[in-house]
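Engineer: I am sharing data.pdb, which consists of PDB, C-alpha atoms:
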ATOM      1  CA  MET B   1      47.147  14.097  11.241
ATOM      2  CA  ASP B   2      49.829  16.762  10.740
ATOM      3  CA  LEU B   3      50.770  20.035  12.415
ATOM      4  CA  THR B   4      49.058  22.159   9.776
ATOM      5  CA  GLN B   5      45.794  20.330  10.374
ATOM      6  CA  LEU B   6      46.171  20.847  14.110
ATOM      7  CA  GLU B   7      46.850  24.573  13.626
ATOM      8  CA  VAL B   8      43.739  24.870  11.472
ATOM      9  CA  PHE B   9      41.647  22.870  13.940
ATOM     10  CA  ARG B  10      42.794  24.972  16.886
ATOM     11  CA  ALA B  11      42.052  28.229  15.054
ATOM     12  CA  VAL B  12      38.537  27.065  14.119
ATOM     13  CA  ALA B  13      37.883  25.853  17.673
ATOM     14  CA  GLU B  14      38.985  29.147  19.214
ATOM     15  CA  GLU B  15      37.375  31.442  16.625
ATOM     16  CA  GLY B  16      34.129  29.502  16.197
ATOM     17  CA  SER B  17      33.959  29.816  12.412
ATOM     18  CA  VAL B  18      35.882  28.929   9.270
ATOM     19  CA  THR B  19      35.891  32.536   8.068
ATOM     20  CA  ALA B  20      37.388  33.901  11.284
ATOM     21  CA  ALA B  21      39.975  31.103  11.367
ATOM     22  CA  ALA B  22      40.920  31.853   7.758
ATOM     23  CA  GLU B  23      41.496  35.518   8.593
ATOM     24  CA  ARG B  24      43.606  34.580  11.616
ATOM     25  CA  LEU B  25      45.775  32.147   9.632
ATOM     26  CA  HIS B  26      45.867  34.295   6.470
ATOM     27  CA  ARG B  27      44.329  31.532   4.353
ATOM     28  CA  VAL B  28      41.273  31.279   2.159
ATOM     29  CA  PRO B  29      38.174  29.724   3.808
ATOM     30  CA  SER B  30      38.071  26.846   1.307
ATOM     31  CA  ASN B  31      41.555  25.772   2.416
ATOM     32  CA  ILE B  32      40.468  25.807   6.061
ATOM     33  CA  SER B  33      37.357  23.744   5.287
ATOM     34  CA  THR B  34      39.381  21.197   3.317
ATOM     35  CA  ARG B  35      41.988  20.783   6.043
ATOM     36  CA  LEU B  36      39.300  20.401   8.691
ATOM     37  CA  ARG B  37      37.375  17.829   6.648
ATOM     38  CA  GLN B  38      40.570  15.844   6.029
ATOM     39  CA  LEU B  39      41.324  15.780   9.755
ATOM     40  CA  GLU B  40      37.825  14.566  10.615
ATOM     41  CA  GLU B  41      38.079  11.856   7.937
ATOM     42  CA  ASP B  42      41.493  10.820   9.246
ATOM     43  CA  LEU B  43      40.161  10.501  12.803
ATOM     44  CA  GLY B  44      36.846   9.001  11.750
ATOM     45  CA  THR B  45      34.770  11.298  13.961
ATOM     46  CA  PRO B  46      33.194  14.757  13.660
ATOM     47  CA  LEU B  47      35.035  17.461  15.574
ATOM     48  CA  PHE B  48      32.313  20.083  15.109
ATOM     49  CA  SER B  49      28.569  20.140  14.664
ATOM     50  CA  ARG B  50      27.458  22.492  11.901
ATOM     51  CA  GLU B  51      24.675  25.015  12.478
ATOM     52  CA  LYS B  52      24.232  27.644   9.747
ATOM     53  CA  LEU B  53      27.436  29.706   9.749
ATOM     54  CA  ARG B  54      28.623  28.608  13.190
ATOM     55  CA  LEU B  55      30.575  25.552  14.245
ATOM     56  CA  HIS B  56      30.063  24.020  17.691
ATOM     57  CA  ILE B  57      32.852  21.825  19.000
ATOM     58  CA  THR B  58      31.933  18.245  19.910
ATOM     59  CA  ASP B  59      33.166  16.248  22.896
ATOM     60  CA  ALA B  60      35.730  14.577  20.628
ATOM     61  CA  GLY B  61      36.805  18.015  19.449
ATOM     62  CA  ARG B  62      37.310  19.240  23.012
ATOM     63  CA  THR B  63      39.482  16.220  23.747
ATOM     64  CA  LEU B  64      41.578  16.812  20.636
ATOM     65  CA  LEU B  65      41.868  20.546  21.359
ATOM     66  CA  ASP B  66      43.640  19.855  24.635
ATOM     67  CA  TYR B  67      46.184  17.670  22.855
ATOM     68  CA  ALA B  68      46.507  20.062  19.922
ATOM     69  CA  ILE B  69      47.377  22.984  22.174
ATOM     70  CA  ARG B  70      50.035  20.931  23.941
ATOM     71  CA  ILE B  71      51.484  19.474  20.727
ATOM     72  CA  LEU B  72      51.756  22.865  19.032
ATOM     73  CA  ALA B  73      53.324  24.458  22.114
ATOM     74  CA  LEU B  74      55.872  21.658  22.458
ATOM     75  CA  THR B  75      56.687  21.905  18.747
ATOM     76  CA  GLU B  76      57.373  25.626  19.087
ATOM     77  CA  GLU B  77      59.478  25.075  22.198
ATOM     78  CA  ALA B  78      61.523  22.383  20.438
ATOM     79  CA  ARG B  79      62.088  24.642  17.443
ATOM     80  CA  GLN B  80      63.281  27.500  19.629
ATOM     81  CA  ARG B  81      65.632  25.291  21.617
ATOM     82  CA  VAL B  82      67.125  23.605  18.569
ATOM     83  CA  THR B  83      67.658  26.882  16.692
ATOM     84  CA  HIS B  84      68.659  28.860  19.829
ATOM     85  CA  GLN B  85      66.087  31.450  18.768
ATOM     86  CA  GLN B  86      65.892  34.636  20.800
ATOM     87  CA  PRO B  87      62.508  35.593  22.285
ATOM     88  CA  ALA B  88      60.321  36.994  19.512
ATOM     89  CA  GLY B  89      56.783  37.007  18.175
ATOM     90  CA  ILE B  90      53.534  37.307  20.108
ATOM     91  CA  PHE B  91      53.545  36.727  23.867
ATOM     92  CA  THR B  92      50.037  36.803  25.368
ATOM     93  CA  LEU B  93      49.876  37.599  29.078
ATOM     94  CA  GLY B  94      46.907  37.814  31.406
ATOM     95  CA  ALA B  95      46.816  39.435  34.843
ATOM     96  CA  ILE B  96      44.401  40.309  37.595
ATOM     97  CA  GLU B  97      43.663  44.039  37.553
ATOM     98  CA  SER B  98      45.596  45.100  40.661
ATOM     99  CA  THR B  99      48.779  43.318  39.560
ATOM    100  CA  ALA B 100      48.533  44.770  36.060
ATOM    101  CA  ALA B 101      48.078  48.282  37.443
ATOM    102  CA  VAL B 102      50.715  48.281  40.180
ATOM    103  CA  ARG B 103      53.273  45.522  39.598
ATOM    104  CA  LEU B 104      53.604  45.058  35.854
ATOM    105  CA  PRO B 105      54.337  48.462  34.258
ATOM    106  CA  GLN B 106      58.033  48.490  35.238
ATOM    107  CA  LEU B 107      58.459  44.775  34.530
ATOM    108  CA  ILE B 108      56.919  45.084  31.059
ATOM    109  CA  ALA B 109      59.024  48.163  30.297
ATOM    110  CA  ARG B 110      62.209  46.243  31.145
ATOM    111  CA  TYR B 111      61.038  43.273  29.120
ATOM    112  CA  HIS B 112      60.414  45.461  26.060
ATOM    113  CA  GLN B 113      63.848  47.022  26.411
ATOM    114  CA  GLN B 114      65.591  43.654  26.608
ATOM    115  CA  TRP B 115      63.487  41.802  24.022
ATOM    116  CA  PRO B 116      62.178  44.374  21.505
ATOM    117  CA  ASP B 117      61.196  41.670  18.987
ATOM    118  CA  VAL B 118      58.505  40.340  21.340
ATOM    119  CA  GLU B 119      54.987  41.671  20.782
ATOM    120  CA  LEU B 120      53.596  41.501  24.304
ATOM    121  CA  ASP B 121      49.796  41.449  24.499
ATOM    122  CA  LEU B 122      48.417  42.061  28.038
ATOM    123  CA  SER B 123      44.800  41.482  29.087
ATOM    124  CA  THR B 124      43.239  41.868  32.531
ATOM    125  CA  GLY B 125      40.342  40.189  34.285
ATOM    126  CA  PRO B 126      39.291  38.111  37.303
ATOM    127  CA  SER B 127      41.535  35.211  38.287
ATOM    128  CA  GLY B 128      38.949  32.682  37.107
ATOM    129  CA  ASP B 129      38.928  34.171  33.613
ATOM    130  CA  MET B 130      42.721  34.178  33.576
ATOM    131  CA  THR B 131      42.911  30.475  34.432
ATOM    132  CA  ASP B 132      40.264  29.620  31.852
ATOM    133  CA  GLY B 133      42.305  31.571  29.304
ATOM    134  CA  LEU B 134      45.343  29.430  30.031
ATOM    135  CA  PHE B 135      43.491  26.199  29.340
ATOM    136  CA  SER B 136      41.823  27.541  26.197
ATOM    137  CA  GLY B 137      45.153  28.682  24.768
ATOM    138  CA  ARG B 138      44.258  32.377  24.897
ATOM    139  CA  PHE B 139      47.172  33.174  27.218
ATOM    140  CA  SER B 140      50.749  31.936  27.311
ATOM    141  CA  ALA B 141      50.938  32.774  31.019
ATOM    142  CA  VAL B 142      48.988  34.715  33.639
ATOM    143  CA  PHE B 143      49.653  36.617  36.852
ATOM    144  CA  ILE B 144      47.232  35.393  39.544
ATOM    145  CA  ASP B 145      47.384  34.706  43.265
ATOM    146  CA  GLY B 146      49.071  31.370  43.883
ATOM    147  CA  PRO B 147      50.465  28.893  44.145
ATOM    148  CA  PRO B 148      48.540  27.104  41.359
ATOM    149  CA  LYS B 149      46.478  24.172  42.580
ATOM    150  CA  HIS B 150      45.655  22.453  39.279
ATOM    151  CA  PRO B 151      48.004  19.547  38.427
ATOM    152  CA  GLN B 152      48.405  20.787  34.841
ATOM    153  CA  LEU B 153      49.670  24.209  35.918
ATOM    154  CA  ASP B 154      53.161  25.335  36.835
ATOM    155  CA  GLY B 155      54.560  28.683  37.903
ATOM    156  CA  VAL B 156      56.881  30.846  39.973
ATOM    157  CA  ALA B 157      56.205  33.301  42.782
ATOM    158  CA  ALA B 158      56.523  36.842  41.445
ATOM    159  CA  PHE B 159      55.296  39.437  43.976
ATOM    160  CA  ALA B 160      54.401  39.503  47.683
ATOM    161  CA  GLU B 161      50.990  41.017  48.347
ATOM    162  CA  GLU B 162      48.858  41.916  51.372
ATOM    163  CA  MET B 163      45.082  42.142  51.453
ATOM    164  CA  VAL B 164      43.548  44.708  53.823
ATOM    165  CA  LEU B 165      39.984  45.446  54.856
ATOM    166  CA  ILE B 166      38.862  48.993  54.080
ATOM    167  CA  SER B 167      36.043  50.936  55.705
ATOM    168  CA  SER B 168      34.892  54.537  56.016
ATOM    169  CA  LEU B 169      37.039  56.734  58.249
ATOM    170  CA  ASN B 170      34.437  56.843  61.033
ATOM    171  CA  HIS B 171      33.996  53.056  61.153
ATOM    172  CA  PRO B 172      34.983  51.418  64.471
ATOM    173  CA  PRO B 173      38.096  49.190  64.493
ATOM    174  CA  VAL B 174      37.823  45.798  62.761
ATOM    175  CA  PRO B 175      39.717  43.233  64.879
ATOM    176  CA  ASN B 176      38.156  40.194  63.182
ATOM    177  CA  ALA B 177      35.439  38.985  60.818
ATOM    178  CA  ALA B 178      32.941  38.385  63.602
ATOM    179  CA  SER B 179      32.953  42.087  64.448
ATOM    180  CA  VAL B 180      31.568  42.966  60.999
ATOM    181  CA  SER B 181      29.334  39.931  60.404
ATOM    182  CA  GLY B 182      26.264  40.952  58.399
ATOM    183  CA  SER B 183      27.928  44.027  56.914
ATOM    184  CA  THR B 184      27.407  45.021  53.299
ATOM    185  CA  ILE B 185      30.500  44.304  51.226
ATOM    186  CA  TYR B 186      31.754  45.311  47.797
ATOM    187  CA  ALA B 187      33.667  42.850  45.626
ATOM    188  CA  PHE B 188      34.263  41.678  42.091
ATOM    189  CA  ARG B 189      32.384  38.808  40.437
ATOM    190  CA  ALA B 190      32.228  35.332  41.987
ATOM    191  CA  ASN B 191      35.115  34.020  39.836
ATOM    192  CA  CYS B 192      37.514  36.469  41.507
ATOM    193  CA  SER B 193      39.875  34.740  43.945
ATOM    194  CA  TYR B 194      40.060  37.887  46.090
ATOM    195  CA  ARG B 195      36.302  37.751  46.571
ATOM    196  CA  ARG B 196      36.562  34.078  47.580
ATOM    197  CA  ARG B 197      39.308  35.022  50.029
ATOM    198  CA  PHE B 198      37.027  37.706  51.490
ATOM    199  CA  GLU B 199      34.133  35.258  51.904
ATOM    200  CA  ASN B 200      36.440  32.598  53.381
ATOM    201  CA  TRP B 201      37.698  35.158  55.894
ATOM    202  CA  PHE B 202      34.132  35.477  57.196
ATOM    203  CA  ALA B 203      33.501  31.727  57.094
ATOM    204  CA  ALA B 204      36.634  30.919  59.111
ATOM    205  CA  GLU B 205      35.035  32.678  62.091
ATOM    206  CA  HIS B 206      31.525  31.318  61.467
ATOM    207  CA  ALA B 207      30.483  34.769  60.338
ATOM    208  CA  ALA B 208      28.949  35.893  57.076
ATOM    209  CA  PRO B 209      28.690  39.111  55.085
ATOM    210  CA  GLY B 210      25.364  40.760  54.446
ATOM    211  CA  LYS B 211      24.487  41.908  50.937
ATOM    212  CA  ILE B 212      27.310  41.590  48.378
ATOM    213  CA  PHE B 213      27.416  44.255  45.684
ATOM    214  CA  GLU B 214      29.421  43.232  42.622
ATOM    215  CA  MET B 215      31.597  46.021  41.241
ATOM    216  CA  GLU B 216      33.660  46.401  38.072
ATOM    217  CA  SER B 217      36.567  48.496  39.349
ATOM    218  CA  TYR B 218      38.616  49.305  42.426
ATOM    219  CA  HIS B 219      37.782  52.986  41.967
ATOM    220  CA  GLY B 220      34.071  52.191  42.235
ATOM    221  CA  ILE B 221      34.701  50.069  45.321
ATOM    222  CA  LEU B 222      36.727  52.850  46.957
ATOM    223  CA  ALA B 223      34.010  55.421  46.285
ATOM    224  CA  CYS B 224      31.286  53.257  47.859
ATOM    225  CA  VAL B 225      33.360  52.365  50.908
ATOM    226  CA  SER B 226      34.502  55.938  51.542
ATOM    227  CA  ALA B 227      30.846  57.016  51.491
ATOM    228  CA  GLY B 228      30.140  54.608  54.363
ATOM    229  CA  ALA B 229      28.067  52.208  52.263
ATOM    230  CA  GLY B 230      29.977  49.062  53.234
ATOM    231  CA  LEU B 231      33.320  47.268  53.449
ATOM    232  CA  ALA B 232      35.774  45.781  50.957
ATOM    233  CA  MET B 233      38.980  43.771  50.858
ATOM    234  CA  VAL B 234      41.672  45.096  48.503
ATOM    235  CA  PRO B 235      45.420  44.666  47.900
ATOM    236  CA  ARG B 236      47.374  47.182  49.954
ATOM    237  CA  SER B 237      49.590  48.007  46.959
ATOM    238  CA  MET B 238      46.522  48.863  44.866
ATOM    239  CA  LEU B 239      45.030  51.018  47.623
ATOM    240  CA  GLU B 240      48.266  52.943  48.080
ATOM    241  CA  SER B 241      48.395  53.748  44.356
ATOM    242  CA  MET B 242      44.871  55.175  44.170
ATOM    243  CA  PRO B 243      43.716  58.800  44.430
ATOM    244  CA  GLY B 244      41.357  59.108  47.377
ATOM    245  CA  ARG B 245      43.092  56.473  49.487
ATOM    246  CA  GLU B 246      43.028  58.920  52.408
ATOM    247  CA  SER B 247      39.230  58.750  52.410
ATOM    248  CA  VAL B 248      39.136  55.202  53.832
ATOM    249  CA  ALA B 249      40.615  53.369  56.804
ATOM    250  CA  ALA B 250      42.690  50.225  56.146
ATOM    251  CA  TRP B 251      42.636  47.352  58.643
ATOM    252  CA  PRO B 252      45.226  44.535  58.446
ATOM    253  CA  LEU B 253      43.900  40.998  58.854
ATOM    254  CA  ALA B 254      44.885  39.212  62.055
ATOM    255  CA  GLU B 255      47.499  36.427  62.091
ATOM    256  CA  ASP B 256      48.846  37.346  58.650
ATOM    257  CA  ALA B 257      45.616  36.144  57.023
ATOM    258  CA  GLY B 258      45.996  38.809  54.361
ATOM    259  CA  LEU B 259      49.454  37.788  53.164
ATOM    260  CA  LEU B 260      49.739  36.049  49.789
ATOM    261  CA  ASP B 261      51.960  35.767  46.722
ATOM    262  CA  ILE B 262      51.182  36.666  43.133
ATOM    263  CA  TRP B 263      52.481  33.956  40.789
ATOM    264  CA  LEU B 264      53.284  33.833  37.108
ATOM    265  CA  VAL B 265      51.459  30.667  36.022
ATOM    266  CA  TRP B 266      51.474  28.633  32.807
ATOM    267  CA  ARG B 267      50.442  25.199  31.591
ATOM    268  CA  LYS B 268      53.000  22.470  32.186
ATOM    269  CA  GLY B 269      54.979  21.785  29.025
ATOM    270  CA  TYR B 270      54.247  25.207  27.519
ATOM    271  CA  ALA B 271      57.389  27.118  28.520
ATOM    272  CA  SER B 272      58.219  29.067  25.331
ATOM    273  CA  GLY B 273      61.332  31.179  24.904
ATOM    274  CA  ASN B 274      59.281  34.308  25.568
ATOM    275  CA  LEU B 275      57.998  32.840  28.832
ATOM    276  CA  ARG B 276      61.440  31.649  29.945
ATOM    277  CA  ALA B 277      62.763  35.183  29.384
ATOM    278  CA  MET B 278      60.011  36.577  31.627
ATOM    279  CA  VAL B 279      60.726  33.984  34.336
ATOM    280  CA  ALA B 280      64.454  34.809  34.227
ATOM    281  CA  MET B 281      63.656  38.508  34.623
ATOM    282  CA  LEU B 282      61.476  37.811  37.677
ATOM    283  CA  GLU B 283      64.173  35.605  39.229
ATOM    284  CA  ASP B 284      66.819  38.304  38.687
ATOM    285  CA  ALA B 285      64.575  40.903  40.337
ATOM    286  CA  SER B 286      64.087  38.717  43.411
ATOM    287  CA  GLN B 287      67.821  38.288  44.050
TER
END
What does the file become when written as structure tokens?
Structural biologist:
Amino acid sequence: MDLTQLEVFRAVAEEGSVTAAAERLHRVPSNISTRLRQLEEDLGTPLFSREKLRLHITDAGRTLLDYAIRILALTEEARQRVTHQQPAGIFTLGAIESTAAVRLPQLIARYHQQWPDVELDLSTGPSGDMTDGLFSGRFSAVFIDGPPKHPQLDGVAAFAEEMVLISSLNHPPVPNAASVSGSTIYAFRANCSYRRRFENWFAAEHAAPGKIFEMESYHGILACVSAGAGLAMVPRSMLESMPGRESVAAWPLAEDAGLLDIWLVWRKGYASGNLRAMVAMLEDASQ
């Protein structure tokens, strides 16, 4: 089992086909198939089940994929440290939408200015998708609310954030969750940590929301709330950046319940030169 075989295996596992993996690695499909077959013969177990043109990873393949991702990341880190290589190449970042919209533009601009050889690829989505992307190898690091709770994750605090409850302008004051128990709320999908925080806010006071409408954007949420159709919980920084923010009332959560930190999170042992440069930039900004 060598590094080339592991690179091929990882590409096939992530792409789901030999053809797609060949395009990603700039190889011919026959070379990919040969390398994959050699690896399976070396290990004495199938890593994929074959079904027409698709490959489905087996349980043994999933186990190997976790090790392959770690081995390849450590190999790259060792190479960079030994050669004192400057940050360069592709750096894949994920971020929850509000952080990407409000917090990251200036940070990414500074990063590009300092490290122009880095090709920074930013994707946004719910916190659950971001964490899944870390473990699958899709992202090098992600910006999510923290601190990380999984033992295989590491990170640093990046930005202070405050969640506020928003309502229509004519809504009575909201001193606590019990006062709005049964209200319609607007939120992102269930794998969004902000939605879980909203639901936990109700549960802490033995209250519960009414109907939950799942939305795809903060602008859609703001429009529904301003029309008096329900309530939502949003980051204050996001609200303050949005057109139409004057059309809703913002209520802070009692006892600092809305305060949290956004963290830059990565898998332990995967601190590449590109990631270390980002961490250093965040640490400099906090001083």
Engineer: Using only C-alpha atoms, which protein or nucleic acid residues come within 6 Å of Ala187 of chain B? Drop anything in the same chain fewer than 5 positions from it, and give the result as an mmCIF file with C-alpha atoms, in the frame of the given file.
Structural biologist:
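The resulting result_0.cif:
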data_model
loop_
_atom_site.group_PDB
_atom_site.id
_atom_site.type_symbol
_atom_site.label_atom_id
_atom_site.label_comp_id
_atom_site.auth_asym_id
_atom_site.auth_seq_id
_atom_site.Cartn_x
_atom_site.Cartn_y
_atom_site.Cartn_z
ATOM 1 C CA ARG B 195 36.302 37.751 46.571
ATOM 2 C CA GLU B 214 29.421 43.232 42.622
ATOM 3 C CA MET B 215 31.597 46.021 41.241
#
Engineer: Counting only C-alpha atoms, which residue out of B:Ala100, B:Val164, B:Gly133, B:Asp121 sits closest to Glu240 of chain B?
Structural biologist: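 Checking each of B:Ala100, B:Val164, B:Gly133, B:Asp121 against Glu240 of chain B, counting only C-alpha atoms, the winner is B:Val164.
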Engineer: Please determine an axis-aligned box that encloses all atoms of segment 7-22 of chain B listed in the file, with 8 Å added on each side, and express its centre and edge lengths in Å to one decimal as lines of an AutoDock Vina configuration file.
Structural biologist:
center_x = 40.4
center_y = 28.4
center_z = 13.5
size_x = 28.9
size_y = 27.0
size_z = 27.5
Engineer: Starting from the displayed file, determine the output of the PyMOL selection byres ((chain B and resi 156) around 7) and express the residue list as an mmCIF file with C-alpha atoms, in the frame of the given file.
Structural biologist:
data_model
loop_
_atom_site.group_PDB
_atom_site.id
_atom_site.type_symbol
_atom_site.label_atom_id
_atom_site.label_comp_id
_atom_site.auth_asym_id
_atom_site.auth_seq_id
_atom_site.Cartn_x
_atom_site.Cartn_y
_atom_site.Cartn_z
ATOM 1 C CA GLY B 155 54.560 28.683 37.903
ATOM 2 C CA ALA B 157 56.205 33.301 42.782
ATOM 3 C CA ALA B 158 56.523 36.842 41.445
ATOM 4 C CA TRP B 263 52.481 33.956 40.789
ATOM 5 C CA LEU B 264 53.284 33.833 37.108
ATOM 6 C CA VAL B 265 51.459 30.667 36.022
#
Engineer: Using only C-alpha atoms, I'd like a table of the residues in segment 121-174 of chain B that come within 8 Å of segment 246-257 of chain B; for each, show the closest atom pair and its distance in Å rounded to one decimal, ordered by chain and ascending number, as a tab-separated table.
Structural biologist:
residue	atom	partner	partner_atom	distance
B:Met163	CA	B:Pro252	CA	7.4
B:Val164	CA	B:Pro252	CA	4.9
B:Leu165	CA	B:Trp251	CA	5.0
B:Ile166	CA	B:Ala250	CA	4.5
B:Ser167	CA	B:Ala249	CA	5.3
B:Ser168	CA	B:Val248	CA	4.8
B:Leu169	CA	B:Ala249	CA	5.1
B:His171	CA	B:Ala249	CA	7.9
B:Pro173	CA	B:Trp251	CA	7.6
B:Val174	CA	B:Trp251	CA	6.5
Engineer: Rank nothing, just name the residue among B:Ala178, B:Tyr218, B:Glu40, B:Ala13 nearest to Met242 of chain B, using only C-alpha atoms.
Structural biologist: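 Comparing B:Ala178, B:Tyr218, B:Glu40, B:Ala13 against Met242 of chain B, the winner is B:Tyr218.
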Engineer: Please expand the PyMOL selection byres ((chain B and resi 125) around 7) into the concrete residues it hits in this file, giving the result as a PyMOL selection string.
Structural biologist: chain B and resi 95-97+123-124+126-127+129-130
Engineer: Go ahead and save the picked residues with C-alpha atoms, as a CSV table (one decimal), in the coordinates of the input.
Structural biologist:
chain,number,residue,atom,x,y,z
B,95,ALA,CA,46.8,39.4,34.8
B,96,ILE,CA,44.4,40.3,37.6
B,97,GLU,CA,43.7,44.0,37.6
B,123,SER,CA,44.8,41.5,29.1
B,124,THR,CA,43.2,41.9,32.5
B,126,PRO,CA,39.3,38.1,37.3
B,127,SER,CA,41.5,35.2,38.3
B,129,ASP,CA,38.9,34.2,33.6
B,130,MET,CA,42.7,34.2,33.6
Engineer: Could you expand the PyMOL selection byres ((chain B and resi 229) around 12) into the explicit residues it covers here, written as a ChimeraX atom specification?
Structural biologist: /B:166-171,183-186,210-213,220-228,230-232,248
Engineer: Return the single residue from B:Leu107, B:Ala88, B:Ala68, B:Ala78 that is closest to Glu119 of chain B, with distances computed using all atoms listed in the file.
Structural biologist: B:Ala88
Engineer: Point out the residue among B:Gly61, B:Pro235, B:Gly273, B:Pro147 with the least atom-to-atom distance to Pro87 of chain B, counting all atoms listed in the file.
Structural biologist: B:Gly273
Engineer: Which one of B:Gln152, B:Ser140, B:Glu51, B:Ala73 sits closest to Leu122 of chain B if you count only C-alpha atoms?
Structural biologist: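 Selected residue with least distance to Leu122 of chain B: B:Ser140.
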Engineer: Provide the atom CA of Asp284 of chain B to atom CA of Met238 of chain B distance in Å, to one decimal place.
Structural biologist: 23.7 Å
Engineer: Record the distance separating atom CA of Arg267 of chain B and atom CA of Phe188 of chain B, expressed in Å with one decimal.
Structural biologist: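 Value for the atom CA of Arg267 of chain B-atom CA of Phe188 of chain B distance: 25.4 Å.
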Engineer: Given the choices B:Val28, B:Leu72, B:Ala60, B:Leu65, which gets closest to Leu3 of chain B if the distance is worked out from all atoms listed in the file?
Structural biologist: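 Residue with the minimum atom-to-atom distance to Leu3 of chain B: B:Leu72.
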Engineer: Hey, can you check how far atom CA of Phe91 of chain B sits from atom CA of Gly16 of chain B?
Structural biologist: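 Computing the Euclidean distance for atom CA of Phe91 of chain B and atom CA of Gly16 of chain B yields 22.1 Å.
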Engineer: Any idea what's packed within 12 Å of Ala109 of chain B, counting all atoms listed in the file, ignoring anything in its chain fewer than 4 positions away? Could you give it as a CSV table (one decimal) with C-alpha atoms, in the coordinates of the input?
Structural biologist:
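Now in around-v4.csv:
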chain,number,residue,atom,x,y,z
B,103,ARG,CA,53.3,45.5,39.6
B,104,LEU,CA,53.6,45.1,35.9
B,105,PRO,CA,54.3,48.5,34.3
B,113,GLN,CA,63.8,47.0,26.4
B,114,GLN,CA,65.6,43.7,26.6
B,115,TRP,CA,63.5,41.8,24.0
B,116,PRO,CA,62.2,44.4,21.5
B,118,VAL,CA,58.5,40.3,21.3
B,120,LEU,CA,53.6,41.5,24.3
B,278,MET,CA,60.0,36.6,31.6
B,281,MET,CA,63.7,38.5,34.6
